[in-house]
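Trainee: For reference, the structure I am asking about is given below.
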Amino acid sequence: MTNQFETLLEEVIVKAPRRIWAKPKGALYDCVKNLKEKYDFNHLCTITGLENGENFEILYHMAQDKTGNLLTVKDLVKIEKPQTKSIIDLFPCAVWYEREMLDLLGIKFEGLPAGNRYPLPDDWPEGEHPLRKNWKPSQAVQKEAE
């Protein structure tokens with residue numbers, strides 16, 4: 001099954017039946033678009049992120065409704081310039097996941113429209129990203145918690 005993706009994906013690992021992990025060969029946006037349009041990965045389950053050394057890993061979890069196959073595609077962005085292209089034109093629900101990555105890790109998504117913060121409150125201090133490994137609450141956050 002995985003060889004059908006060889007032109008699209010650089011590394012493919014089957015971790016369990018119907019459970020695939022992969023890295024895109026080119027730009028992540030183009031990869032996600034092709035997976036949706038040509039391979040029927042038409043359901044975005046969620047987007048998760050984590051800090052891993054010099055990079056953030058952004059994990060796009062997608063499913064094929066007909067087969068139940070679940071595919072996770074990993075995008076890496078540098079911590080010093082955490083930015084990637086939004087996929088909300090492909091999956092409108094991605095707006096909430098991308099806002100979450102922005103709030104909690106400080107990853108910017110090109111094309112993400114301005115809007116309310118999520119999940120942090122609108123008055124949360126700028127530059128405070130609580131899921132970063134080196135994050136320590138500022139005085140403003142500590143006062144808010146009291």
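Residues are referred to by chain and number: the chain letter is A, B, ... according to the order shown in the structure tokens, the number counts from 1 in that chain, and ligands are numbered separately from 1 in the order shown.
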Please provide the set of residues having any atom within 7 Å of Arg19 (chain A), restricted to only C-alpha atoms, with same-chain residues fewer than 4 positions apart removed, written as a list in words.
Mentor: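 Selected residues are Val14, Lys15, Asn69, Leu70 and Leu71 of chain A.
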Trainee: Within 9 Å of region 42-53 of chain A, counting only C-alpha atoms, which residues qualify if same-chain residues fewer than 2 places away don't, as a count of residues only?
Mentor: 29
Trainee: Take CA of Glu128 (chain A) and CA of Val95 (chain A) and report the distance between them in Å, one decimal.
Mentor: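 Separation between CA of Glu128 (chain A) and CA of Val95 (chain A): 20.1 Å.
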Trainee: Can you list, as a VMD selection string, every residue of region 92-129 of chain A that DSSP puts in alpha helix (DSSP H)?
Mentor: chain A and resid 94 to 105
Trainee: Name all residues at most 7 Å from region 29-31 of chain A (count only C-alpha atoms; drop same-chain ones fewer than 2 positions away) and give them as a PDB file with N, CA and C atoms, in the first residue's frame.
Mentor:
ATOM      1  N   LEU A   8       5.097  11.166  -3.548  1.00  0.00           N
ATOM      2  CA  LEU A   8       4.611  12.232  -2.673  1.00  0.00           C
ATOM      3  C   LEU A   8       5.321  12.279  -1.325  1.00  0.00           C
ATOM      4  N   PRO A  24       6.768  14.414   4.058  1.00  0.00           N
ATOM      5  CA  PRO A  24       6.559  14.786   2.653  1.00  0.00           C
ATOM      6  C   PRO A  24       7.877  14.964   1.919  1.00  0.00           C
ATOM      7  N   ALA A  27       6.935  20.449  -0.382  1.00  0.00           N
ATOM      8  CA  ALA A  27       6.206  21.326   0.527  1.00  0.00           C
ATOM      9  C   ALA A  27       5.031  20.585   1.153  1.00  0.00           C
ATOM     10  N   LYS A  33      -2.563  18.560   0.034  1.00  0.00           N
ATOM     11  CA  LYS A  33      -3.529  18.763  -1.048  1.00  0.00           C
ATOM     12  C   LYS A  33      -3.647  17.506  -1.916  1.00  0.00           C
ATOM     13  N   ASN A  34      -2.517  16.927  -2.294  1.00  0.00           N
ATOM     14  CA  ASN A  34      -2.533  15.703  -3.095  1.00  0.00           C
ATOM     15  C   ASN A  34      -3.128  14.517  -2.342  1.00  0.00           C
ATOM     16  N   LEU A  35      -2.802  14.407  -1.061  1.00  0.00           N
ATOM     17  CA  LEU A  35      -3.366  13.317  -0.265  1.00  0.00           C
ATOM     18  C   LEU A  35      -4.888  13.422  -0.196  1.00  0.00           C
ATOM     19  N   LYS A  85       2.785  27.221   5.977  1.00  0.00           N
ATOM     20  CA  LYS A  85       1.587  27.646   5.252  1.00  0.00           C
ATOM     21  C   LYS A  85       0.339  26.998   5.861  1.00  0.00           C
ATOM     22  N   ILE A  87      -3.419  25.392   6.005  1.00  0.00           N
ATOM     23  CA  ILE A  87      -4.165  24.483   5.132  1.00  0.00           C
ATOM     24  C   ILE A  87      -5.676  24.709   5.260  1.00  0.00           C
TER      25      ILE A  87
END
Trainee: DSSP on the backbone: what in region 71-115 of chain A comes out strand (DSSP E or B), as a PyMOL selection string?
Mentor: chain A and resi 71-78+83-85+108-110
Trainee: Keeping only C-alpha atoms, take the residues you just selected and write them out as a PDB file, in the first residue's frame.
Mentor:
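This is the output file result06.pdb:
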ATOM      1  CA  LEU A  71      -1.995   8.857   8.008  1.00  0.00           C
ATOM      2  CA  THR A  72       0.181  11.244  10.004  1.00  0.00           C
ATOM      3  CA  VAL A  73       2.325  13.605   7.938  1.00  0.00           C
ATOM      4  CA  LYS A  74       5.149  15.376   9.768  1.00  0.00           C
ATOM      5  CA  ASP A  75       6.287  18.912   8.950  1.00  0.00           C
ATOM      6  CA  LEU A  76       9.394  20.409  10.582  1.00  0.00           C
ATOM      7  CA  VAL A  77       9.786  24.146  11.188  1.00  0.00           C
ATOM      8  CA  LYS A  78      12.765  25.848  12.801  1.00  0.00           C
ATOM      9  CA  GLN A  83       6.264  29.489  10.260  1.00  0.00           C
ATOM     10  CA  THR A  84       4.465  27.344   7.703  1.00  0.00           C
ATOM     11  CA  LYS A  85       1.587  27.646   5.252  1.00  0.00           C
ATOM     12  CA  LYS A 108       2.668  31.106  12.678  1.00  0.00           C
ATOM     13  CA  PHE A 109       0.542  29.887   9.777  1.00  0.00           C
ATOM     14  CA  GLU A 110       0.653  31.991   6.595  1.00  0.00           C
TER      15      GLU A 110
END
Trainee: Point out the residue among A:Glu10, A:Phe41, A:Arg99, A:Pro92 with the least atom-to-atom distance to Lys66 (chain A), counting only C-alpha atoms.
Mentor: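 Closest residue, counting only C-alpha atoms: A:Phe41.
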Trainee: When you draw a straight line from CA of Trp21 (chain A) to CA of Leu9 (chain A), how long is it in Å?
Mentor: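 According to the coordinates, CA of Trp21 (chain A) and CA of Leu9 (chain A) are separated by 9.9 Å.
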Trainee: For Ile20 (chain A), which of A:Gly68, A:Trp135, A:Gly127, A:Tyr118 is the closest residue, counting only C-alpha atoms?
Mentor: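 Result for the nearest residue to Ile20 (chain A): A:Gly68.
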